[in-house]
Structures are given as structure tokens and as C-alpha cells.
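Just start.cif here, mmCIF, C-alpha atoms (C1' of nucleotides):
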data_target
loop_
_atom_site.label_atom_id
_atom_site.label_comp_id
_atom_site.auth_asym_id
_atom_site.auth_seq_id
_atom_site.Cartn_x
_atom_site.Cartn_y
_atom_site.Cartn_z
CA MET L 1 27.91 31.27 21.98
CA ILE L 2 29.92 28.10 22.46
CA LEU L 3 32.57 28.88 19.83
CA SER L 4 34.58 32.03 19.28
CA GLN L 5 33.86 34.11 16.22
CA THR L 6 37.19 32.98 14.81
CA ALA L 7 36.34 29.30 15.18
CA VAL L 8 32.96 29.89 13.57
CA TYR L 9 34.63 31.56 10.60
CA ALA L 10 37.03 28.61 10.34
CA LEU L 11 34.20 26.10 10.36
CA ARG L 12 32.14 28.00 7.82
CA ALA L 13 35.12 28.46 5.53
CA THR L 14 35.97 24.77 5.67
CA LEU L 15 32.35 23.86 4.98
CA CYS L 16 32.40 26.34 2.12
CA LEU L 17 35.44 24.62 0.63
CA ALA L 18 33.79 21.22 1.02
CA GLY L 19 30.76 22.59 -0.78
CA HIS L 20 32.91 23.43 -3.79
CA GLY L 21 33.77 19.77 -4.35
CA PRO L 22 36.45 17.39 -3.16
CA ALA L 23 39.43 18.90 -5.00
CA ALA L 24 38.28 22.49 -5.42
CA ARG L 25 40.82 25.26 -4.96
CA VAL L 26 39.19 28.52 -3.94
CA ARG L 27 40.67 31.98 -3.44
CA VAL L 28 40.46 33.80 -0.12
CA ASP L 29 38.59 36.63 -1.82
CA ASP L 30 35.89 34.27 -3.02
CA ILE L 31 35.45 32.57 0.34
CA ALA L 32 35.44 35.91 2.15
CA GLU L 33 32.75 37.21 -0.16
CA GLN L 34 30.60 34.10 0.05
CA LEU L 35 30.82 34.12 3.85
CA SER L 36 30.69 37.90 4.32
CA VAL L 37 33.81 37.72 6.43
CA PRO L 38 36.72 40.22 6.55
CA ARG L 39 39.24 39.16 3.93
CA ASN L 40 42.53 39.60 5.78
CA TYR L 41 41.14 38.19 8.95
CA LEU L 42 39.94 35.13 7.08
CA SER L 43 43.33 34.86 5.41
CA LYS L 44 45.01 34.50 8.77
CA ILE L 45 42.48 31.90 9.85
CA LEU L 46 42.91 29.84 6.68
CA HIS L 47 46.66 30.08 7.00
CA ALA L 48 46.42 28.64 10.50
CA LEU L 49 44.28 25.79 9.20
CA ALA L 50 46.88 25.12 6.51
CA ARG L 51 49.65 25.02 9.10
CA ALA L 52 47.52 22.56 11.05
CA GLY L 53 47.19 20.25 8.06
CA VAL L 54 43.46 20.82 7.58
CA LEU L 55 43.89 22.79 4.33
CA THR L 56 46.56 23.25 1.74
CA SER L 57 47.38 26.57 0.14
CA SER L 58 49.10 27.60 -3.06
CA ARG L 59 50.07 31.08 -4.16
CA GLY L 60 50.13 32.84 -7.46
CA PRO L 61 47.63 32.70 -10.31
CA GLY L 62 45.35 29.70 -10.00
CA GLY L 63 46.21 29.47 -6.33
CA GLY L 64 43.93 29.31 -3.34
CA PHE L 65 42.95 26.99 -0.52
CA GLN L 66 41.66 23.45 -0.65
CA LEU L 67 40.88 20.65 1.79
CA ALA L 68 43.96 18.66 2.72
CA ARG L 69 41.87 15.47 3.01
CA PRO L 70 38.40 14.30 1.99
CA ALA L 71 35.68 16.11 3.93
CA ARG L 72 34.57 12.84 5.53
CA GLU L 73 37.97 12.50 7.18
CA LEU L 74 38.17 16.06 8.51
CA MET L 75 36.73 16.25 11.99
CA LEU L 76 35.23 19.43 13.36
CA SER L 77 37.61 19.18 16.29
CA GLU L 78 40.60 19.55 13.97
CA VAL L 79 39.23 22.85 12.77
CA VAL L 80 37.99 24.18 16.07
CA GLU L 81 40.95 23.20 18.21
CA GLN L 82 43.22 25.56 16.33
CA PHE L 83 41.32 28.46 17.86
CA ASP L 84 39.21 27.33 20.83
CA GLU L 85 39.90 24.93 23.62
CA LEU L 86 37.44 22.07 23.63
CA PRO L 87 36.22 20.84 27.02
CA GLU L 88 38.90 18.46 28.27
CA GLU L 89 39.03 16.12 31.22
CA SER L 90 40.92 18.89 32.94
CA GLY L 91 38.44 21.57 31.88
CA CYS L 92 36.56 22.30 35.07
CA LEU L 93 33.22 24.10 34.93
CA LEU L 94 34.17 26.01 38.06
CA GLY L 95 37.62 26.92 36.79
CA ARG L 96 39.66 24.68 39.05
CA ALA L 97 43.17 23.78 37.92
CA VAL L 98 42.64 20.10 38.65
CA CYS L 99 39.20 18.50 38.48
CA SER L 100 38.97 14.75 38.09
CA ASP L 101 36.97 11.78 39.35
CA ARG L 102 39.51 11.50 42.14
CA ASP L 103 39.58 15.20 43.01
CA PRO L 104 36.26 16.60 41.74
CA CYS L 105 34.83 20.08 42.02
CA ALA L 106 31.27 20.50 43.22
CA ALA L 107 29.91 20.24 39.68
CA HIS L 108 32.22 17.54 38.34
CA HIS L 109 30.03 14.43 38.53
CA ARG L 110 26.96 16.07 37.05
CA TRP L 111 28.82 18.09 34.45
CA LYS L 112 31.06 15.28 33.20
CA ASP L 113 28.60 13.60 30.88
CA VAL L 114 27.40 16.85 29.35
CA SER L 115 30.94 18.02 28.82
CA LEU L 116 31.81 14.68 27.25
CA SER L 117 28.92 14.87 24.80
CA VAL L 118 30.10 18.29 23.64
CA LYS L 119 33.63 17.06 23.15
CA GLU L 120 32.48 13.96 21.30
CA PHE L 121 30.30 16.00 19.00
CA PHE L 122 33.35 17.84 17.73
CA ARG L 123 35.57 14.75 17.70
CA GLU L 124 33.12 12.46 15.90
CA THR L 125 31.42 14.81 13.45
CA SER L 126 33.18 15.38 10.15
CA ILE L 127 33.03 18.30 7.77
CA GLY L 128 31.49 15.85 5.32
CA ASP L 129 28.74 15.04 7.81
CA LEU L 130 27.70 18.68 7.76
CA SER L 131 27.99 19.37 4.05
CA PRO L 132 24.55 20.44 2.81
CA ASP L 133 24.16 17.47 0.49
CA GLY L 134 26.68 14.74 -0.07
CA ALA L 135 26.17 15.06 -3.82
CA ALA L 136 28.45 18.03 -4.24
CA LEU L 137 31.17 16.14 -2.42
CA PHE L 138 31.33 13.42 -5.01
CA THR L 139 30.72 15.49 -8.10
CA PRO L 140 34.04 16.85 -9.30
CA ILE L 141 33.07 20.35 -10.40
CA GLU L 142 35.69 21.74 -12.74
CA HIS L 143 34.76 25.30 -13.65
CA THR L 144 38.26 26.69 -13.52
CA GLY L 145 37.69 28.63 -16.69
CA THR L 146 34.35 30.23 -15.87
CA PRO L 147 34.89 33.57 -14.14
CA GLU L 148 31.13 34.19 -14.19
CA ASP L 149 29.98 32.06 -11.32
CA MET M 1 36.12 27.16 28.99
CA ILE M 2 32.38 27.06 28.58
CA LEU M 3 31.61 29.84 31.05
CA SER M 4 33.15 33.28 31.32
CA GLN M 5 35.35 34.03 34.28
CA THR M 6 32.61 36.27 35.63
CA ALA M 7 30.00 33.51 35.51
CA VAL M 8 32.39 31.11 37.22
CA TYR M 9 32.95 33.62 40.01
CA ALA M 10 29.19 34.02 40.33
CA LEU M 11 28.63 30.28 40.59
CA ARG M 12 31.42 29.78 43.09
CA ALA M 13 30.22 32.67 45.22
CA THR M 14 26.67 31.34 45.26
CA LEU M 15 27.92 27.87 46.15
CA CYS M 16 30.02 29.46 48.86
CA LEU M 17 26.96 31.16 50.32
CA ALA M 18 25.01 27.90 50.19
CA GLY M 19 27.88 26.23 52.03
CA HIS M 20 27.46 28.68 54.89
CA GLY M 21 23.99 27.43 55.63
CA PRO M 22 20.47 28.30 54.48
CA ALA M 23 20.17 31.72 56.09
CA ALA M 24 23.79 32.78 56.33
CA ARG M 25 24.68 36.36 55.61
CA VAL M 26 28.27 36.72 54.47
CA ARG M 27 30.34 39.81 53.70
CA VAL M 28 31.91 40.41 50.31
CA ASP M 29 35.32 40.52 51.91
CA ASP M 30 34.87 37.06 53.38
CA ILE M 31 33.61 35.54 50.15
CA ALA M 32 36.36 37.22 48.16
CA GLU M 33 38.98 35.84 50.48
CA GLN M 34 37.56 32.31 50.55
CA LEU M 35 37.36 32.26 46.77
CA SER M 36 40.58 34.18 46.08
CA VAL M 37 38.65 36.54 43.82
CA PRO M 38 39.14 40.32 43.45
CA ARG M 39 36.96 42.03 46.01
CA ASN M 40 35.48 44.90 44.00
CA TYR M 41 34.97 42.75 41.00
CA LEU M 42 33.12 40.20 43.08
CA SER M 43 31.09 43.01 44.61
CA LYS M 44 29.76 43.99 41.22
CA ILE M 45 28.94 40.38 40.41
CA LEU M 46 27.08 39.83 43.67
CA HIS M 47 25.21 43.08 43.18
CA ALA M 48 24.06 41.85 39.77
CA LEU M 49 22.87 38.61 41.34
CA ALA M 50 20.96 40.60 43.95
CA ARG M 51 19.29 42.69 41.24
CA ALA M 52 18.35 39.41 39.53
CA GLY M 53 16.68 38.08 42.67
CA VAL M 54 19.22 35.33 43.29
CA LEU M 55 20.70 36.96 46.37
CA THR M 56 19.69 39.65 48.82
CA SER M 57 22.05 42.24 50.16
CA SER M 58 22.08 44.48 53.19
CA ARG M 59 24.49 47.28 54.00
CA GLY M 60 26.06 48.50 57.14
CA PRO M 61 27.36 46.57 60.13
CA GLY M 62 26.08 42.99 60.16
CA GLY M 63 25.30 43.31 56.48
CA GLY M 64 26.33 41.09 53.62
CA PHE M 65 24.85 38.81 51.00
CA GLN M 66 22.61 35.80 51.38
CA LEU M 67 20.64 33.45 49.17
CA ALA M 68 17.26 34.87 48.22
CA ARG M 69 15.75 31.38 48.19
CA PRO M 70 16.71 27.90 49.41
CA ALA M 71 19.65 26.48 47.49
CA ARG M 72 17.49 23.66 46.12
CA GLU M 73 15.30 26.21 44.36
CA LEU M 74 18.12 28.23 42.83
CA MET M 75 18.98 26.90 39.41
CA LEU M 76 22.44 27.29 37.93
CA SER M 77 20.84 28.95 34.91
CA GLU M 78 19.56 31.80 37.09
CA VAL M 79 23.09 32.54 38.17
CA VAL M 80 24.81 32.01 34.84
CA GLU M 81 22.30 33.81 32.64
CA GLN M 82 23.08 37.13 34.28
CA PHE M 83 26.51 37.03 32.66
CA ASP M 84 26.64 34.46 29.86
CA GLU M 85 24.18 33.55 27.17
CA LEU M 86 23.13 29.93 27.44
CA PRO M 87 22.64 28.03 24.19
CA GLU M 88 19.15 28.89 23.03
CA GLU M 89 17.00 27.53 20.24
CA SER M 90 18.22 30.54 18.33
CA GLY M 91 21.84 29.99 19.32
CA CYS M 92 23.38 28.65 16.13
CA LEU M 93 26.74 26.86 16.26
CA LEU M 94 27.69 28.52 12.99
CA GLY M 95 26.60 31.96 14.11
CA ARG M 96 23.51 32.31 11.97
CA ALA M 97 20.87 34.81 13.06
CA VAL M 98 18.09 32.31 12.55
CA CYS M 99 18.63 28.59 12.91
CA SER M 100 15.66 26.33 13.53
CA ASP M 101 14.25 22.96 12.52
CA ARG M 102 12.50 24.80 9.67
CA ASP M 103 15.50 26.83 8.59
CA PRO M 104 18.52 24.89 9.84
CA CYS M 105 22.22 25.59 9.40
CA ALA M 106 24.51 22.77 8.28
CA ALA M 107 25.16 21.71 11.85
CA HIS M 108 21.69 22.21 13.29
CA HIS M 109 20.31 18.68 13.34
CA ARG M 110 23.42 17.08 14.79
CA TRP M 111 24.18 19.91 17.22
CA LYS M 112 20.65 20.28 18.57
CA ASP M 113 20.70 17.42 21.06
CA VAL M 114 24.11 18.32 22.42
CA SER M 115 23.14 21.94 22.77
CA LEU M 116 19.94 20.91 24.51
CA SER M 117 21.79 18.78 27.04
CA VAL M 118 24.01 21.72 27.93
CA LYS M 119 21.05 24.00 28.35
CA GLU M 120 19.16 21.46 30.44
CA PHE M 121 22.14 20.91 32.70
CA PHE M 122 22.03 24.56 33.73
CA ARG M 123 18.23 24.71 33.88
CA GLU M 124 17.74 21.54 35.90
CA THR M 125 20.68 21.56 38.26
CA SER M 126 20.29 23.57 41.44
CA ILE M 127 22.85 25.21 43.67
CA GLY M 128 21.71 22.72 46.31
CA ASP M 129 22.50 19.82 43.99
CA LEU M 130 26.10 20.96 43.87
CA SER M 131 26.60 21.84 47.51
CA PRO M 132 29.39 19.64 48.85
CA ASP M 133 27.15 17.80 51.26
CA GLY M 134 23.43 18.25 51.57
CA ALA M 135 23.76 18.15 55.35
CA ALA M 136 24.61 21.80 55.70
CA LEU M 137 21.57 22.72 53.66
CA PHE M 138 19.15 21.10 56.05
CA THR M 139 20.87 21.91 59.27
CA PRO M 140 19.68 25.33 60.34
CA ILE M 141 22.97 26.71 61.57
CA GLU M 142 22.30 29.78 63.64
CA HIS M 143 25.64 31.16 64.59
CA THR M 144 24.71 34.77 64.17
CA GLY M 145 26.45 35.56 67.38
CA THR M 146 29.56 33.50 66.88
CA PRO M 147 32.14 35.56 65.03
CA GLU M 148 34.59 32.69 65.36
CA ASP M 149 33.58 30.46 62.50
"C1'" DT J 1 24.11 62.84 65.68
"C1'" DC J 2 28.39 60.63 64.95
"C1'" DT J 3 31.27 56.77 63.67
"C1'" DA J 4 32.43 52.56 61.77
"C1'" DA J 5 30.99 48.92 58.83
"C1'" DT J 6 29.52 47.52 54.62
"C1'" DT J 7 27.63 47.53 50.02
"C1'" DA J 8 27.23 50.52 45.56
"C1'" DT J 9 29.36 52.80 42.00
"C1'" DC J 10 32.66 55.39 39.24
"C1'" DA J 11 37.02 56.13 36.67
"C1'" DT J 12 40.54 53.91 34.84
"C1'" DG J 13 43.72 50.44 32.93
"C1'" DA J 14 45.43 45.80 31.05
"C1'" DC J 15 44.56 42.48 27.87
"C1'" DG J 16 42.88 39.48 24.24
"C1'" DA J 17 39.60 38.89 20.37
"C1'" DT J 18 38.19 40.97 16.41
"C1'" DA J 19 39.05 43.64 12.43
"C1'" DT J 20 41.35 46.87 8.78
"C1'" DG J 21 44.86 48.56 5.59
"C1'" DA J 22 49.34 48.35 3.75
"C1'" DT J 23 53.19 45.79 2.32
"C1'" DG J 24 56.01 41.55 1.51
"C1'" DA J 25 56.76 36.92 -0.60
"C1'" DT J 26 55.88 33.55 -3.93
"C1'" DC J 27 53.96 31.49 -7.88
"C1'" DT J 28 52.25 31.12 -13.03
"C1'" DA J 29 52.38 32.58 -17.50
"C1'" DT J 30 54.48 35.00 -20.93
"C1'" DA C 1 63.19 38.42 -16.46
"C1'" DT C 2 58.84 40.67 -16.03
"C1'" DA C 3 54.02 41.31 -14.66
"C1'" DG C 4 50.10 40.11 -12.48
"C1'" DA C 5 47.80 37.18 -9.23
"C1'" DT C 6 47.53 35.43 -4.87
"C1'" DC C 7 48.70 34.13 -0.21
"C1'" DA C 8 51.57 35.82 4.05
"C1'" DT C 9 52.45 39.08 7.38
"C1'" DC C 10 52.88 43.36 9.91
"C1'" DA C 11 51.22 47.55 12.22
"C1'" DT C 12 47.50 49.39 14.00
"C1'" DA C 13 42.65 50.30 15.65
"C1'" DT C 14 38.45 48.97 18.16
"C1'" DC C 15 35.81 46.76 21.55
"C1'" DG C 16 34.44 43.88 25.39
"C1'" DT C 17 36.03 41.29 29.43
"C1'" DC C 18 38.51 41.27 33.43
"C1'" DA C 19 40.39 43.76 37.11
"C1'" DT C 20 41.95 47.64 40.47
"C1'" DG C 21 41.57 51.70 43.37
"C1'" DA C 22 39.02 55.43 45.04
"C1'" DT C 23 34.82 57.33 46.54
"C1'" DA C 24 29.75 57.54 47.54
"C1'" DA C 25 25.64 55.82 49.87
"C1'" DT C 26 23.44 53.33 53.42
"C1'" DT C 27 22.92 51.15 57.80
"C1'" DA C 28 23.60 49.71 62.87
"C1'" DG C 29 24.86 51.01 67.14
"C1'" DA C 30 26.80 54.10 70.71
#
The structure in this file should be written as C-alpha cells.
Amino acid sequence: MILSQTAVYALRATLCLAGHGPAARVRVDDIAEQLSVPRNYLSKILHALARAGVLTSSRGPGGGFQLARPARELMLSEVVEQFDELPEESGCLLGRAVCSDRDPCAAHHRWKDVSLSVKEFFRETSIGDLSPDGAALFTPIEHTGTPED
Amino acid sequence: MILSQTAVYALRATLCLAGHGPAARVRVDDIAEQLSVPRNYLSKILHALARAGVLTSSRGPGGGFQLARPARELMLSEVVEQFDELPEESGCLLGRAVCSDRDPCAAHHRWKDVSLSVKEFFRETSIGDLSPDGAALFTPIEHTGTPED
DNA sequence: TCTAATTATCATGACGATATGATGATCTAT
DNA sequence: ATAGATCATCATATCGTCATGATAATTAGA
């Protein structure tokens, strides 16, 4: 798998939040249940995303997590980079410390374009791009008072 | 990093063998030293490559490892797949068990092409393609009796 | 057959990623 | 202030990867 389990959880949780509408605030317990992900583990992940400015959190009754910005402005790279290292210029397929056009490893020239396309996928794709249907993103769903989902 | 440390060692060792000429037989100790890789660990890796038909091994004096086929016919995927799982059709970015055109995850359509380019890089690039200069690959170097390299 | 060379394999340990359970800190509503 | 809800954090457990050291098995050559 390209991404670590942790990064996958982070992506799915962020997508889950986006799916709840642009200003939805959702509790860790709800996200954990919807994603079938360990609660405390997810809590740590969401906290890291909040520190990174991807989400905001609020405690106490009515609290939870929400997107810090509109889904269309949140890039996958912002989520993933908190946990995994994306392929960088310096990220050599053969593990060399330095690997550049000037000082390339054996694989550098052939690998460069592929590596770049991976990096650009994460940099240029937004959470909004991946949300199941854009509709939910623009429909402010306010069911704060309906415990029966 | 895209590849595990083990897979990187495997690739570098195979490239190292290719660099010694088409029919070179090289000892684990020599490869380990040239690559600055733990000897016993490398031994296990090379053994796995031999089981997989990428290399052949022979024990005793004069023994060592050599490429099972010409470098141009050994694909990177053959080496890497023994240790890492390459992105498959079933390999979902979001970790879903099934993820296809019919039953796609949120990222499937946008991720597909990128994933495919990664897979094809490993499937369509040979060890020979990456050998520093093709010259060595076509120059039958027979220095079986010259211990001084 | 004996010895040295060399790969094959086993037992073990260090470490990080993943995960669980318990407790602390903070917020809202009363 | 108090209580309950909710996120924050800590201590710990588990597992796989990476790595080391010791020993076994096999082979070539004297």
C-alpha cells in the first residue's frame, strides 16, 4: 500500500467530515463508528490534523471536529503529509541520501516522472474533489437536534 | 519512501550483480561490502531472490550469486514483488477491500492513472535499463581467474 | 576424507506503527 | 459551582520490519 494505515484513516476521516456538510461538527465517536476505526487512535490522528490546521476541534457538549476550510481548499497532501512522507525531489527510489538531476542514482531519470505524478496527485487533488457528490458539500445539513441518525 | 528498505537492498544488490557483468558470480560478503548493507540480512534477501528465480546461488569455494537471466530480461517488478506489494487493481488508496471501476472508492477514478503509472514503471523497466552504462552488459567480461578486480 | 569457503537458517533483539484502556483537561448547560 | 459531555494524553501491549550473531549445510579442492 502506498499510504500508511494512519494516513488512510486521516484521509477517510476528513472525507467523512466533508460528507457531513461544509460546517458540520462531528464527534470522534461518530466518525470512529462510521469508519470502523479505533476511537482513541482516531482521536490522536484528528488531533494532529487540528494542530496542522486541517481541522478545528472543540470540547465539551456540542463539541467535535470540523473542517478548518472548505473541502475544495483542503489538499490531500495537507492531510497525508502529517503522517507519511510524500515523494520529494530528494526521495530516491534506491534510498540514496542525495539524488538529483546533477547527481542521479541509477533509477533517477526514469523514476522522476512517475514520482512527480504521485506527488502532484496529492498536491493538486482536494478533499472536495473526492467527496462522493458535491451536493452534500453545498447543502448545509443542520440536524444538531436529531440523535436518531 | 515508496519501497521498503528490504526491497531497496534487493534492487541495489541486483543492480550490483548486473554491474559485474552478465555472468559474474559474486559473494554475499562482496556485495554487502559494496552496498554497505548488513551481511546476513542481505543473505536472506538474496536467497529469496534465488527462490524466486531472479538469481542463482552456489555454495562452497568459488560460489556466490549471479543473475538467473540477462539483466535486460529481469524486470524491477520481479525483484520488488518478493518483498513489497505493488499497487494492484485491488490496491485501494483508501484501504478498501474491493475497489474497482464498478465499485470505486472516493479516490478511485483520480488515483487509477497515477497508480497505473507506478505499477507500469516497475513492470516495464528492467535491471538492464538501470545499469549505469549498457557497455558492461554487452561486454562478456571473463575474469574468473583474476581475483584482483 | 578433511578442510576451508560459502550460502542457508535459526534465535534473538531493537524499533516504529498500530492499537487499547484509563485518566486528565476543558467546555456547555444548569 | 456542579455535572455531564467531549477532546487530550499517557501507559502499555502487539505485531511486523529491520538487523545481528551464531550455527548448520553444502561444495570445491587438496
Between chain M and chain J, at 6 Å or less, what are the per-residue closest atom pairs and their distances in Å? Count all atoms listed in the file, order by chain and rising residue number, and return it as a Markdown table.
| residue | atom | partner | partner_atom | distance |
| --- | --- | --- | --- | --- |
| M:Arg59 | CA | J:DT6 | C1' | 5.1 |
| M:Gly60 | CA | J:DT6 | C1' | 4.4 |
| M:Pro61 | CA | J:DA5 | C1' | 4.5 |
Q: Dump as a ChimeraX atom specification the residues of chain L that approach chain C to within 8 Å, counting all atoms listed in the file.
A: /L:27,43,57-64
Please dump the current selection as a PDB file, in the frame of the given file; keep C-alpha atoms.
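Contents of result_6.pdb, freshly written:
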ATOM      1  CA  ARG L  27      40.670  31.980  -3.440  1.00  0.00           C
ATOM      2  CA  SER L  43      43.330  34.860   5.410  1.00  0.00           C
ATOM      3  CA  SER L  57      47.380  26.570   0.140  1.00  0.00           C
ATOM      4  CA  SER L  58      49.100  27.600  -3.060  1.00  0.00           C
ATOM      5  CA  ARG L  59      50.070  31.080  -4.160  1.00  0.00           C
ATOM      6  CA  GLY L  60      50.130  32.840  -7.460  1.00  0.00           C
ATOM      7  CA  PRO L  61      47.630  32.700 -10.310  1.00  0.00           C
ATOM      8  CA  GLY L  62      45.350  29.700 -10.000  1.00  0.00           C
ATOM      9  CA  GLY L  63      46.210  29.470  -6.330  1.00  0.00           C
ATOM     10  CA  GLY L  64      43.930  29.310  -3.340  1.00  0.00           C
TER      11      GLY L  64
END
Closest atom pairs, chain L residues within 8 Å of chain M, all atoms listed in the file, as JSON lines:
{"residue": "L:Met1", "atom": "CA", "partner": "M:Pro87", "partner_atom": "CA", "distance": 6.6}
{"residue": "L:Ile2", "atom": "CA", "partner": "M:Ile2", "partner_atom": "CA", "distance": 6.7}
{"residue": "L:Leu3", "atom": "CA", "partner": "M:Leu93", "partner_atom": "CA", "distance": 7.1}
{"residue": "L:Gln5", "atom": "CA", "partner": "M:Gly95", "partner_atom": "CA", "distance": 7.9}
{"residue": "L:Val8", "atom": "CA", "partner": "M:Leu94", "partner_atom": "CA", "distance": 5.5}
{"residue": "L:Tyr9", "atom": "CA", "partner": "M:Leu94", "partner_atom": "CA", "distance": 7.9}
{"residue": "L:Leu11", "atom": "CA", "partner": "M:Leu94", "partner_atom": "CA", "distance": 7.4}
{"residue": "L:Arg12", "atom": "CA", "partner": "M:Leu94", "partner_atom": "CA", "distance": 6.8}
{"residue": "L:Glu85", "atom": "CA", "partner": "M:Met1", "partner_atom": "CA", "distance": 6.9}
{"residue": "L:Leu86", "atom": "CA", "partner": "M:Met1", "partner_atom": "CA", "distance": 7.5}
{"residue": "L:Pro87", "atom": "CA", "partner": "M:Met1", "partner_atom": "CA", "distance": 6.6}
{"residue": "L:Gly91", "atom": "CA", "partner": "M:Met1", "partner_atom": "CA", "distance": 6.7}
{"residue": "L:Cys92", "atom": "CA", "partner": "M:Met1", "partner_atom": "CA", "distance": 7.8}
{"residue": "L:Leu93", "atom": "CA", "partner": "M:Ile2", "partner_atom": "CA", "distance": 7.1}
{"residue": "L:Leu94", "atom": "CA", "partner": "M:Val8", "partner_atom": "CA", "distance": 5.5}
{"residue": "L:Gly95", "atom": "CA", "partner": "M:Val8", "partner_atom": "CA", "distance": 6.7}
{"residue": "L:Ala106", "atom": "CA", "partner": "M:Leu130", "partner_atom": "CA", "distance": 5.2}
{"residue": "L:Ala107", "atom": "CA", "partner": "M:Leu130", "partner_atom": "CA", "distance": 5.7}
{"residue": "L:Trp111", "atom": "CA", "partner": "M:Phe121", "partner_atom": "CA", "distance": 7.5}
{"residue": "L:Val114", "atom": "CA", "partner": "M:Val118", "partner_atom": "CA", "distance": 6.1}
{"residue": "L:Ser115", "atom": "CA", "partner": "M:Val118", "partner_atom": "CA", "distance": 7.9}
{"residue": "L:Ser117", "atom": "CA", "partner": "M:Val114", "partner_atom": "CA", "distance": 6.4}
{"residue": "L:Val118", "atom": "CA", "partner": "M:Val114", "partner_atom": "CA", "distance": 6.1}
{"residue": "L:Phe121", "atom": "CA", "partner": "M:Val114", "partner_atom": "CA", "distance": 7.4}
{"residue": "L:Leu130", "atom": "CA", "partner": "M:Ala106", "partner_atom": "CA", "distance": 5.2}
{"residue": "L:Ser131", "atom": "CA", "partner": "M:Ala106", "partner_atom": "CA", "distance": 6.4}
{"residue": "L:Pro132", "atom": "CA", "partner": "M:Ala106", "partner_atom": "CA", "distance": 5.9}
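Distance-wise, CA of Phe83 in chain L and CA of Ala52 in chain L end up 10.9 Å apart.
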**Q.** Of the listed residues L:Ala32, L:Leu49, L:Leu42, L:Leu17, that which approaches Glu81 in chain L most closely, counting all atoms listed in the file
**A.** L:Leu49
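Taking CA of Leu35 in chain L and CA of Ala13 in chain L as endpoints, the distance between them is 7.3 Å.
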Around all the atoms of range 109-124 of chain M listed in the file, draw an axis-aligned box and extend it by 4 Å on each of the six sides; I want its centre and edge lengths in Å to one decimal, as lines of an AutoDock Vina configuration file.
center_x = 21.0
center_y = 20.9
center_z = 24.6
size_x = 14.4
size_y = 15.6
size_z = 30.6
Q. To one decimal place, how far is CA of Val54 in chain M from CA of Arg72 in chain M in Å?
A. 12.1 Å
